[in-house]
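A.B. asks: target25.cif is reproduced below (mmCIF, C-alpha atoms).
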```cif
data_input
loop_
_atom_site.label_atom_id
_atom_site.label_comp_id
_atom_site.auth_asym_id
_atom_site.auth_seq_id
_atom_site.Cartn_x
_atom_site.Cartn_y
_atom_site.Cartn_z
CA MET A 13 101.36 55.03 71.78
CA PRO A 14 99.71 56.82 74.75
CA TRP A 15 95.91 57.07 74.78
CA VAL A 16 96.00 60.86 74.44
CA MET A 17 97.93 60.54 71.16
CA ILE A 18 95.43 57.98 69.88
CA ALA A 19 92.61 60.38 70.84
CA TYR A 20 94.37 63.15 68.95
CA TYR A 21 94.61 61.03 65.80
CA MET A 22 90.91 60.19 66.11
CA ILE A 23 90.00 63.87 66.48
CA SER A 24 92.24 64.71 63.49
CA GLY A 25 90.50 62.04 61.44
CA PHE A 26 87.07 63.30 62.49
CA LEU A 27 87.92 66.91 61.58
CA LEU A 28 89.37 65.76 58.27
CA ALA A 29 86.18 63.88 57.46
CA LEU A 30 84.09 66.95 58.34
CA LEU A 31 86.22 69.18 56.13
CA ALA A 32 86.16 66.70 53.27
CA TRP A 33 82.37 66.46 53.58
CA ASN A 34 82.06 70.26 53.50
CA PHE A 35 84.41 70.37 50.53
CA VAL A 36 82.22 67.92 48.63
CA ARG A 37 79.01 69.77 49.56
CA GLU A 38 80.30 73.26 48.74
CA LYS A 39 78.62 74.47 45.53
CA LYS A 40 79.15 78.21 45.38
CA SER A 41 82.31 79.63 46.89
CA LEU A 42 85.67 78.91 45.30
CA ASP A 43 87.31 80.64 48.28
CA ASN A 44 85.74 78.16 50.68
CA LEU A 45 86.98 75.24 48.59
CA VAL A 46 90.54 76.55 48.82
CA LEU A 47 90.20 77.19 52.55
CA TYR A 48 88.88 73.68 53.26
CA LEU A 49 91.85 72.18 51.42
CA LEU A 50 94.38 74.37 53.20
CA VAL A 51 92.99 73.43 56.59
CA MET A 52 93.06 69.76 55.61
CA ILE A 53 96.79 69.69 54.72
CA PRO A 54 98.29 69.60 58.27
CA LEU A 55 95.67 67.07 59.34
CA VAL A 56 96.59 64.78 56.46
CA LEU A 57 100.32 65.17 57.22
CA ARG A 58 99.75 64.27 60.88
CA LEU A 59 97.53 61.29 60.09
CA LEU A 60 100.15 59.97 57.67
CA ARG A 61 102.76 60.53 60.43
CA VAL A 62 104.85 62.77 58.18
CA LYS A 63 104.87 65.95 60.28
CA MET B 10 78.17 75.11 37.84
CA LYS B 11 80.45 73.77 35.19
CA ARG B 12 83.27 75.91 36.51
CA GLU B 13 82.71 74.62 40.06
CA LYS B 14 82.67 71.02 38.82
CA LEU B 15 86.05 71.54 37.19
CA ALA B 16 87.49 73.54 40.08
CA LYS B 17 86.96 70.85 42.74
CA PRO B 18 89.13 68.10 41.24
CA LEU B 19 91.73 70.60 40.13
CA LEU B 20 92.00 72.14 43.60
CA ALA B 21 92.04 68.73 45.26
CA ALA B 22 94.82 67.62 42.91
CA ALA B 23 96.78 70.80 43.70
CA ALA B 24 96.42 70.18 47.45
CA LEU B 25 97.53 66.56 46.99
CA ALA B 26 100.55 67.71 44.98
CA LEU B 27 101.39 70.19 47.75
CA ILE B 28 101.17 67.43 50.37
CA ILE B 29 103.44 65.13 48.35
CA TRP B 30 105.91 67.90 47.46
CA GLY B 31 106.22 69.09 51.04
CA GLY B 32 105.72 65.81 52.84
CA LEU B 33 107.83 63.34 50.88
CA PRO B 34 111.24 64.91 51.73
CA LEU B 35 110.24 64.96 55.41
CA TYR B 36 109.08 61.34 55.29
CA ARG B 37 112.30 60.25 53.55
CA HIS B 38 114.42 62.18 56.06
CA ARG B 39 112.65 60.53 59.01
CA HIS B 40 113.27 57.08 57.55
CA PHE B 41 116.79 57.72 56.21
CA ASP B 42 119.29 55.42 57.93
CA MET B 43 122.96 56.31 58.08
CA PRO B 44 125.58 53.57 57.73
CA VAL B 45 128.01 53.18 60.61
CA VAL B 46 130.94 50.87 59.95
CA GLU B 47 132.12 48.85 62.93
CA GLY B 48 135.80 49.63 63.26
CA GLN B 49 138.43 47.13 64.36
CA GLY B 50 137.81 47.98 68.02
CA VAL B 51 134.06 47.24 68.06
CA THR B 52 133.38 43.93 69.80
CA ARG B 53 129.56 43.98 69.83
CA VAL B 54 126.57 46.19 69.09
CA VAL B 55 123.50 46.18 71.32
CA ARG B 56 120.29 48.22 71.43
CA LEU B 57 119.60 50.74 74.17
CA SER B 58 116.29 48.96 74.76
CA GLU B 59 118.29 46.07 76.27
CA TYR B 60 118.90 48.43 79.18
CA GLY B 61 115.65 50.41 78.97
CA PRO B 62 112.88 48.02 77.85
CA GLY B 63 110.44 50.94 77.53
CA LEU B 64 112.23 51.90 74.31
CA ARG B 65 111.59 48.65 72.47
CA GLY B 66 109.76 49.18 69.19
CA THR B 67 109.96 52.97 69.38
CA MET B 68 111.83 55.46 67.18
CA ALA B 69 113.89 56.39 70.24
CA ASP B 70 115.62 53.00 70.44
CA THR B 71 119.19 53.27 69.18
CA SER B 72 122.45 51.37 68.69
CA VAL B 73 125.10 51.11 71.39
CA PHE B 74 128.57 50.23 70.07
CA VAL B 75 130.70 48.39 72.61
CA LEU B 76 134.51 48.46 72.30
CA GLU B 77 136.08 46.05 74.80
CA GLY B 78 139.81 46.10 75.43
CA LYS B 79 142.12 43.09 75.72
CA GLU B 80 142.64 44.00 79.36
CA SER B 81 139.92 44.94 81.78
CA GLY B 82 140.08 48.48 83.11
CA GLY B 83 137.80 51.47 83.44
CA LYS B 84 134.59 51.96 81.51
CA ALA B 85 133.35 55.01 79.64
CA VAL B 86 130.19 56.07 77.84
CA LEU B 87 130.28 58.52 74.90
CA LEU B 88 127.06 60.21 73.79
CA GLY B 89 126.65 61.88 70.38
CA ASP B 90 123.54 63.54 68.95
CA THR B 91 122.08 64.35 72.37
CA HIS B 92 121.14 67.45 70.40
CA ALA B 93 120.96 66.26 66.82
CA ASN B 94 121.45 69.77 65.41
CA GLU B 95 124.99 69.75 66.90
CA PRO B 96 126.60 67.19 64.56
CA GLU B 97 130.13 67.47 66.00
CA GLY B 98 128.92 65.11 68.75
CA LEU B 99 127.73 62.53 66.25
CA LEU B 100 130.88 62.80 64.13
CA ALA B 101 133.30 62.64 67.07
CA SER B 102 131.54 59.50 68.29
CA LEU B 103 131.71 57.99 64.78
CA LEU B 104 135.46 58.64 64.71
CA PHE B 105 135.78 56.62 67.92
CA ILE B 106 133.57 53.77 66.63
CA GLU B 107 135.38 53.52 63.29
CA ASN B 108 138.97 54.09 64.46
CA ALA B 109 139.47 53.41 68.16
CA VAL B 110 141.35 50.39 69.41
CA VAL B 111 140.83 49.90 73.12
CA GLU B 112 143.90 48.46 74.83
CA LYS B 113 142.46 48.60 78.32
CA GLY B 114 138.92 49.13 79.56
CA THR B 115 135.60 49.36 77.71
CA LEU B 116 133.86 52.07 75.69
CA TYR B 117 130.09 52.27 75.16
CA VAL B 118 129.45 54.68 72.29
CA ILE B 119 125.92 55.84 71.45
CA PRO B 120 126.25 58.02 68.31
CA PHE B 121 122.51 58.77 67.87
CA PHE B 122 121.51 59.24 71.49
CA ASN B 123 118.34 61.16 70.59
CA ASN B 124 117.47 58.98 67.62
CA SER B 125 114.01 60.53 67.32
CA GLY B 126 115.50 64.05 67.34
CA SER B 127 117.99 63.06 64.65
CA ARG B 128 114.98 62.28 62.40
CA ASN B 129 113.29 65.60 63.18
CA THR B 130 114.00 69.01 61.65
CA ARG B 131 113.30 72.70 62.18
CA PRO B 132 111.63 74.00 59.01
CA GLY B 133 110.93 77.41 60.58
CA ASP B 134 114.68 77.99 60.84
CA GLY B 135 115.32 76.66 57.35
CA TYR B 136 117.45 73.74 58.54
CA PRO B 137 118.89 71.52 55.80
CA LEU B 138 117.72 67.92 56.04
CA TYR B 139 121.18 66.57 55.20
CA PHE B 140 124.75 67.70 54.70
CA GLU B 141 127.69 65.99 53.06
CA ILE B 142 131.25 65.49 54.23
CA PRO B 143 134.04 64.89 51.70
CA THR B 144 135.93 61.68 52.41
CA ASP B 145 138.72 59.77 50.68
CA TRP B 146 136.08 57.57 49.01
CA GLY B 147 133.37 60.13 48.11
CA LEU B 148 130.72 62.15 49.90
CA PHE B 149 129.33 60.92 53.21
CA GLN B 150 125.71 62.00 53.68
CA VAL B 151 124.78 62.94 57.23
CA ARG B 152 121.21 63.23 58.51
CA MET B 153 120.80 66.65 60.13
CA GLY B 154 118.42 66.55 63.06
CA ASN B 155 116.87 68.87 65.59
CA ARG B 156 117.46 69.64 69.27
CA ASP B 157 114.26 67.95 70.38
CA ALA B 158 112.59 64.62 69.71
CA SER B 159 109.92 64.50 67.03
CA PRO B 160 106.37 65.17 68.24
CA LEU B 161 105.44 62.13 66.13
CA ASP B 162 107.23 60.03 68.77
CA GLN B 163 106.45 61.93 71.96
CA TRP B 164 103.31 63.99 72.25
CA PRO B 165 101.54 65.99 73.64
CA ASP B 166 103.89 68.45 75.33
CA PRO B 167 102.78 69.51 78.81
CA ASP B 168 102.19 73.20 79.67
CA VAL B 169 105.24 72.95 81.95
CA TYR B 170 107.69 70.06 82.15
CA VAL B 171 107.92 68.89 85.75
CA HIS B 172 111.35 67.31 86.03
CA TYR B 173 111.61 63.86 87.58
CA PRO B 174 112.56 63.32 90.40
CA ASP B 175 113.32 66.90 91.54
CA LYS B 176 109.96 68.39 90.45
CA GLN B 177 111.73 71.49 89.13
CA LEU B 178 109.56 73.34 86.59
CA LEU B 179 111.20 73.46 83.17
CA SER B 180 110.09 74.76 79.79
CA PHE B 181 107.41 72.63 78.11
CA ILE B 182 109.70 71.94 75.13
CA ASP B 183 112.33 70.36 77.38
CA VAL B 184 110.18 67.28 77.84
CA ARG B 185 111.51 66.31 74.37
CA ASN B 186 115.12 67.39 75.10
CA VAL B 187 117.25 64.48 76.34
CA ASN B 188 119.58 66.90 78.05
CA ARG B 189 116.81 67.90 80.44
CA THR B 190 115.30 64.50 81.16
CA TRP B 191 118.16 62.90 83.11
CA PRO B 192 118.16 60.65 85.13
CA GLY B 193 114.91 59.43 83.59
CA ARG B 194 112.52 56.68 84.65
CA PRO B 195 111.41 53.45 83.00
CA GLY B 196 107.77 54.42 82.46
CA GLY B 197 108.10 58.18 81.93
CA PRO B 198 107.81 60.18 78.71
CA LEU B 199 109.86 58.66 75.88
CA MET B 200 112.91 60.91 76.39
CA GLU B 201 113.00 60.02 80.09
CA ARG B 202 113.08 56.37 78.99
CA VAL B 203 116.10 57.17 76.77
CA THR B 204 118.08 58.69 79.64
CA PHE B 205 116.94 55.89 81.95
CA GLY B 206 118.40 53.36 79.46
CA ALA B 207 121.74 55.20 79.50
CA MET B 208 121.68 55.42 83.32
CA GLU B 209 121.10 51.67 83.44
CA ILE B 210 124.23 51.09 81.31
CA MET B 211 126.19 53.20 83.78
CA ARG B 212 124.72 51.54 86.88
CA ARG B 213 124.74 47.93 85.67
CA GLU B 214 128.11 48.00 83.91
CA GLY B 215 129.82 50.15 86.56
CA VAL B 216 130.77 52.93 84.14
CA ASP B 217 133.44 55.31 85.44
CA VAL B 218 133.28 58.20 82.95
CA ALA B 219 130.41 59.57 80.82
CA ILE B 220 131.06 62.18 78.15
CA ASP B 221 128.16 63.99 76.48
CA ILE B 222 129.37 65.70 73.26
CA HIS B 223 127.74 68.96 72.12
CA GLY B 224 128.09 72.19 70.18
CA ALA B 225 127.02 75.64 71.42
CA GLU B 226 126.47 79.10 69.97
CA THR B 227 129.38 81.54 69.87
CA MET B 228 127.07 84.08 71.56
CA PHE B 229 126.31 81.70 74.43
CA PRO B 230 128.66 81.94 77.42
CA VAL B 231 128.81 78.19 77.99
CA THR B 232 130.71 77.40 74.81
CA ASN B 233 134.14 76.02 73.93
CA CYS B 234 134.33 74.36 77.31
CA ILE B 235 134.05 71.27 79.48
CA VAL B 236 131.08 71.42 81.86
CA ALA B 237 131.79 69.38 84.98
CA PRO B 238 130.25 68.94 88.42
CA GLU B 239 132.37 69.03 91.61
CA LYS B 240 133.31 65.34 91.41
CA SER B 241 134.69 65.66 87.84
CA VAL B 242 136.16 69.15 87.99
CA LYS B 243 139.79 68.21 88.76
CA ILE B 244 140.01 65.87 85.79
CA ALA B 245 138.25 68.43 83.58
CA THR B 246 140.67 71.17 84.65
CA LEU B 247 143.74 69.03 84.01
CA ALA B 248 142.34 68.01 80.63
CA ALA B 249 141.69 71.66 79.71
CA LEU B 250 145.19 72.73 80.77
CA ASN B 251 146.83 69.86 78.93
CA VAL B 252 145.08 70.38 75.60
CA LYS B 253 145.96 74.06 75.74
CA ALA B 254 149.62 73.40 76.56
CA LYS B 255 150.14 70.47 74.21
CA GLU B 256 147.72 71.09 71.37
CA GLY B 257 147.25 74.84 71.49
CA PHE B 258 143.48 75.25 71.73
CA GLU B 259 141.32 76.80 74.43
CA ASN B 260 138.71 74.69 76.24
CA HIS B 261 137.95 76.18 79.63
CA VAL B 262 136.00 74.53 82.46
CA GLU B 263 132.50 75.58 83.47
CA PRO B 264 130.97 74.38 86.75
CA SER B 265 127.78 72.35 86.50
CA PRO B 266 125.07 74.34 88.34
CA VAL B 267 123.53 72.47 91.26
CA GLY B 268 120.16 74.20 90.95
CA PHE B 269 119.52 73.47 87.27
CA ARG B 270 118.14 69.96 87.00
CA GLY B 271 117.85 67.42 84.24
CA LEU B 272 121.26 67.97 82.60
CA SER B 273 123.66 65.09 81.97
CA HIS B 274 126.59 66.80 83.71
CA ARG B 275 124.47 67.18 86.86
CA GLU B 276 122.19 64.15 87.10
CA ILE B 277 124.58 61.37 85.98
CA GLY B 278 126.95 62.23 88.81
CA ASP B 279 124.17 62.64 91.35
CA HIS B 280 122.47 59.34 90.51
CA SER B 281 125.41 57.01 89.89
CA GLY B 282 129.09 56.55 90.64
CA THR B 283 130.00 57.80 87.15
CA LEU B 284 132.00 60.98 86.55
CA PRO B 285 130.11 63.10 83.99
CA PHE B 286 131.56 65.62 81.53
CA LEU B 287 129.77 67.66 78.88
CA LEU B 288 131.85 69.02 76.00
CA GLU B 289 130.90 72.13 74.05
CA ALA B 290 132.50 73.32 70.80
CA PRO B 291 131.43 76.60 69.16
CA ILE B 292 129.01 76.06 66.26
CA PRO B 293 128.14 79.31 64.44
CA PHE B 294 125.26 77.58 62.63
CA LEU B 295 123.26 77.68 65.87
CA ASP B 296 123.67 81.41 66.48
CA GLN B 297 120.58 83.49 65.75
CA PRO B 298 122.04 86.50 63.90
CA THR B 299 123.57 84.62 60.97
CA GLY B 300 122.87 84.40 57.27
CA PRO B 301 120.91 81.45 55.85
CA LYS B 302 121.26 78.13 57.69
CA THR B 303 123.03 76.35 54.86
CA PRO B 304 125.15 73.19 54.88
CA LYS B 305 128.09 75.45 54.03
CA LEU B 306 127.61 77.46 57.24
CA LEU B 307 127.34 74.20 59.15
CA LEU B 308 130.61 72.95 57.67
CA ASP B 309 132.84 76.04 57.61
CA GLY B 310 131.26 78.12 60.38
CA LYS B 311 131.94 81.32 58.44
CA ASP B 312 129.38 84.11 58.74
CA PRO B 313 129.78 87.86 58.04
CA PHE B 314 127.27 88.88 60.71
CA LEU B 315 129.11 86.95 63.41
CA LEU B 316 132.36 88.46 62.16
CA SER B 317 130.87 91.92 62.61
CA LEU B 318 129.72 90.98 66.13
CA ALA B 319 133.16 89.59 66.93
CA ARG B 320 134.71 92.96 66.05
CA ARG B 321 132.31 94.53 68.56
CA LYS B 322 133.39 91.91 71.16
CA LYS B 323 129.91 90.41 71.42
CA LEU B 324 131.00 86.76 71.10
CA PHE B 325 132.30 84.45 73.80
CA VAL B 326 134.98 82.90 71.58
CA ALA B 327 137.69 84.19 69.28
CA TYR B 328 136.23 84.53 65.78
CA ASP B 329 137.84 85.67 62.54
CA GLU B 330 137.58 85.11 58.78
CA SER B 331 138.53 81.46 59.22
CA GLY B 332 135.21 80.79 61.07
CA TRP B 333 134.80 77.65 63.19
CA PRO B 334 135.05 74.79 60.68
CA LEU B 335 133.72 71.33 61.46
CA PRO B 336 137.16 69.61 61.60
CA LYS B 337 138.25 72.05 64.30
CA ARG B 338 135.13 71.32 66.37
CA VAL B 339 135.33 67.54 65.96
CA GLY B 340 139.11 67.52 66.47
CA GLN B 341 138.77 69.44 69.73
CA HIS B 342 136.26 66.91 70.99
CA CYS B 343 138.49 63.95 70.10
CA SER B 344 141.49 65.45 71.89
CA VAL B 345 139.53 66.47 74.99
CA ILE B 346 137.94 63.01 75.28
CA LEU B 347 141.34 61.32 74.99
CA GLU B 348 142.79 63.73 77.54
CA ILE B 349 139.95 63.06 80.00
CA PHE B 350 140.67 59.32 79.65
CA ARG B 351 144.37 59.97 80.27
CA GLN B 352 143.79 62.09 83.34
CA PHE B 353 141.25 59.61 84.74
CA SER B 354 143.69 56.75 84.15
CA LYS B 355 146.53 58.58 85.90
CA ARG B 356 144.37 58.98 89.01
CA ASN B 357 142.89 55.47 88.79
CA PRO B 358 145.59 53.19 87.33
CA GLU B 359 143.64 50.05 88.25
CA LYS B 360 140.74 51.37 86.16
CA ALA B 361 142.76 52.81 83.30
CA ILE B 362 141.08 53.48 79.96
CA VAL B 363 143.70 53.20 77.22
CA VAL B 364 142.56 53.98 73.68
CA ARG B 365 144.74 54.33 70.60
CA ASN B 366 144.29 55.08 66.90
CA VAL B 367 141.83 57.96 67.42
CA PRO B 368 142.89 61.13 65.55
CA ARG B 369 143.64 64.18 67.65
CA TYR B 370 142.92 67.86 67.02
CA ALA B 371 145.84 68.58 64.67
CA ASP B 372 145.17 65.39 62.66
CA VAL B 373 141.49 66.17 62.08
CA VAL B 374 142.18 69.84 61.26
CA ARG B 375 144.90 68.80 58.78
CA ASN B 376 143.12 65.87 57.11
CA GLY B 377 139.43 66.64 57.63
CA VAL B 378 136.78 64.59 59.40
CA GLY B 379 136.00 62.51 56.29
CA HIS B 380 139.55 61.14 56.11
CA TYR B 381 138.81 59.08 59.24
CA LEU B 382 135.42 57.73 58.14
CA LEU B 383 135.31 54.20 56.74
CA ASN B 384 133.65 53.40 53.42
CA PRO B 385 130.44 51.43 54.08
CA ALA B 386 130.50 50.11 50.49
CA GLY B 387 133.96 48.66 51.04
CA ALA B 388 133.12 47.04 54.38
CA ASP B 389 131.70 43.61 55.05
CA ARG B 390 127.90 44.09 55.19
CA LYS B 391 127.64 42.37 58.55
CA ASN B 392 129.91 45.06 59.95
CA VAL B 393 127.72 47.95 58.78
CA VAL B 394 125.04 49.09 61.19
CA MET B 395 122.22 51.17 59.73
CA ASN B 396 120.89 53.69 62.23
#
```
Show me, as structure tokens, the structure contained in the file I just sent.
C.D. replies:
Amino acid sequence: MPWVMIAYYMISGFLLALLAWNFVREKKSLDNLVLYLLVMIPLVLRLLRVK
Amino acid sequence: MKREKLAKPLLAAAALALIIWGGLPLYRHRHFDMPVVEGQGVTRVVRLSEYGPGLRGTMADTSVFVLEGKESGGKAVLLGDTHANEPEGLLASLLFIENAVVEKGTLYVIPFFNNSGSRNTRPGDGYPLYFEIPTDWGLFQVRMGNRDASPLDQWPDPDVYVHYPDKQLLSFIDVRNVNRTWPGRPGGPLMERVTFGAMEIMRREGVDVAIDIHGAETMFPVTNCIVAPEKSVKIATLAALNVKAKEGFENHVEPSPVGFRGLSHREIGDHSGTLPFLLEAPIPFLDQPTGPKTPKLLLDGKDPFLLSLARRKKLFVAYDESGWPLPKRVGQHCSVILEIFRQFSKRNPEKAIVVRNVPRYADVVRNGVGHYLLNPAGADRKNVVMN
């Protein structure tokens, strides 16, 4: 796997962790909860090497 | 507060369900192996990575079926699934692997040439992940792929693909298209390593003829034809004339453009002693103005929108209510390949390639493609290659 692809997976993982952290911390907005999850889906699929 | 506490796990569970529901079919498709039964003519099976070590351990490595004749003669390479959304190439090559008996010469058949692409799909176009072909022993499930390799195997795409070695600027997406990455290089992007492996077969084994089997849109001018460079054009012309006279179907000859780099019909001839040919059969499934991209359209090639366009003379092939069914496309390929071998052998008797037991156009149209596919369940397990 080329280094740039490894870097991409690391960035994806970092963003996913940020989103998950924000999801956990979110206390008020239901809309934000849904948005965090939607943004997380493609990152999860890429990290699992599905799509 | 209570509502928010309940909402979080529920929403997370819904997202997880969405990931599983959408992701699992794609994961299964990527890891679905098709059985290929070694016919009586197959003498050995090797991996492409034996010729291109840069492929070892990657999803682009693929099986090469070798059919060696009793007598030495000429050598030929057949490539299927260069574009894995043009399954007539895959199926024609399977008919050779499972039926051909080589009397003279050697065949190297690579049915899943872009193995990564054959495990990719095009969800935006609503591609089916599989389709089924009726056979004498049941339904044969075929993995439907995409034109380009999966970004899971080769990524990132450049802004512009700079072709090697000519430095011609090509579309960024073509870096994952094995019919733009010829002649390849051992340490290049993955698809260049695939074409390099195939070039190494041709160079090391002294291959005389290479045939790259495709399908093309009915609205695309380069369809229903043999694409050949200058060095192959006489054989291609004689093959086209003979199939029309003897078997009654059109298959004209298109010249391989000198200024368009990266294509098999150009680069193989320019970088080796091999004579390249690229075969195109019309596949309505690939045309843009059709109805839904269903397995039925893929199999029968019947579409009312294309019929309407045909009446307005907007297509480059004859098209009527009978469509362009799969047996017709695969049958054409089988006959043209056999005719190319015959014409090559007539001109080079010391390097003749003599193959028998492969069905021709009329046979495949009459009996269907599935009639010539062997039952993996009925074959000795050591003779079934999963790819």
A.B. asks: With the PyMOL selection byres ((chain A) within 9 of (chain B)) as the selection, what would be picked from this file? Answer as a list in words, please.
C.D. replies: Met13, Pro14, Val16, Met17, Phe35, Val36, Lys39, Lys40, Ser41, Leu42, Leu45, Val46, Leu49, Leu50, Met52, Ile53, Pro54, Val56, Leu57, Arg58, Arg61, Val62 and Lys63 of chain A
A.B. asks: Give the centre and edge lengths of an axis-aligned box, in Å to one decimal, that holds all listed atoms of range 233-252 of chain B with 8 Å on each side, as lines of an AutoDock Vina configuration file.
C.D. replies:
```
center_x = 138.5
center_y = 70.7
center_z = 82.8
size_x = 32.6
size_y = 26.7
size_z = 33.7
```
A.B. asks: Using CA of Arg53 in chain B and CA of Leu199 in chain B as the two end points, give the distance in Å to one decimal.
C.D. replies: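 Taking CA of Arg53 in chain B as the start and CA of Leu199 in chain B as the end point, the length is 25.3 Å.
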A.B. asks: In Å, rounded to a single decimal, give me how far CA of Asp70 in chain B is from CA of Asn124 in chain B.
C.D. replies: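 Those two atoms sit 6.9 Å apart.
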A.B. asks: Between CA of Phe149 in chain B and CA of Ala93 in chain B, what is the distance, to one decimal in Å?
C.D. replies: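 Separating CA of Phe149 in chain B from CA of Ala93 in chain B is a distance of 16.8 Å.
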A.B. asks: Apply the PyMOL selection byres ((chain B and resi 284-292) around 8) to the file shown and report the selected residues as a VMD selection string.
C.D. replies: chain B and resid 95 97 217 to 227 231 to 238 240 to 241 245 273 to 275 277 to 278 282 to 283 293 to 296 307 310 326 333 338 341 to 342
A.B. asks: To test your reading of the syntax: which residues would the PyMOL selection byres ((chain B and resi 346-362) around 8) return for the file shown? Reply as a list of chain:residue names.
C.D. replies: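 The output of the PyMOL selection byres ((chain B and resi 346-362) around 8) on this file is B:Ser81, B:Gly82, B:Gly83, B:Lys84, B:Ala85, B:Val111, B:Glu112, B:Lys113, B:Gly114, B:Thr115, B:Ile220, B:Ile244, B:Ala245, B:Leu247, B:Ala248, B:Asn251, B:Val252, B:His342, B:Cys343, B:Ser344, B:Val345, B:Val363, B:Val364.
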A.B. asks: Taking all atoms listed in the file into account, which of B:Pro385, B:Pro167, B:Pro264, B:Pro298 comes nearest Pro44 in chain B?
C.D. replies: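 Checking each of B:Pro385, B:Pro167, B:Pro264, B:Pro298 against Pro44 in chain B, counting all atoms listed in the file, the winner is B:Pro385.
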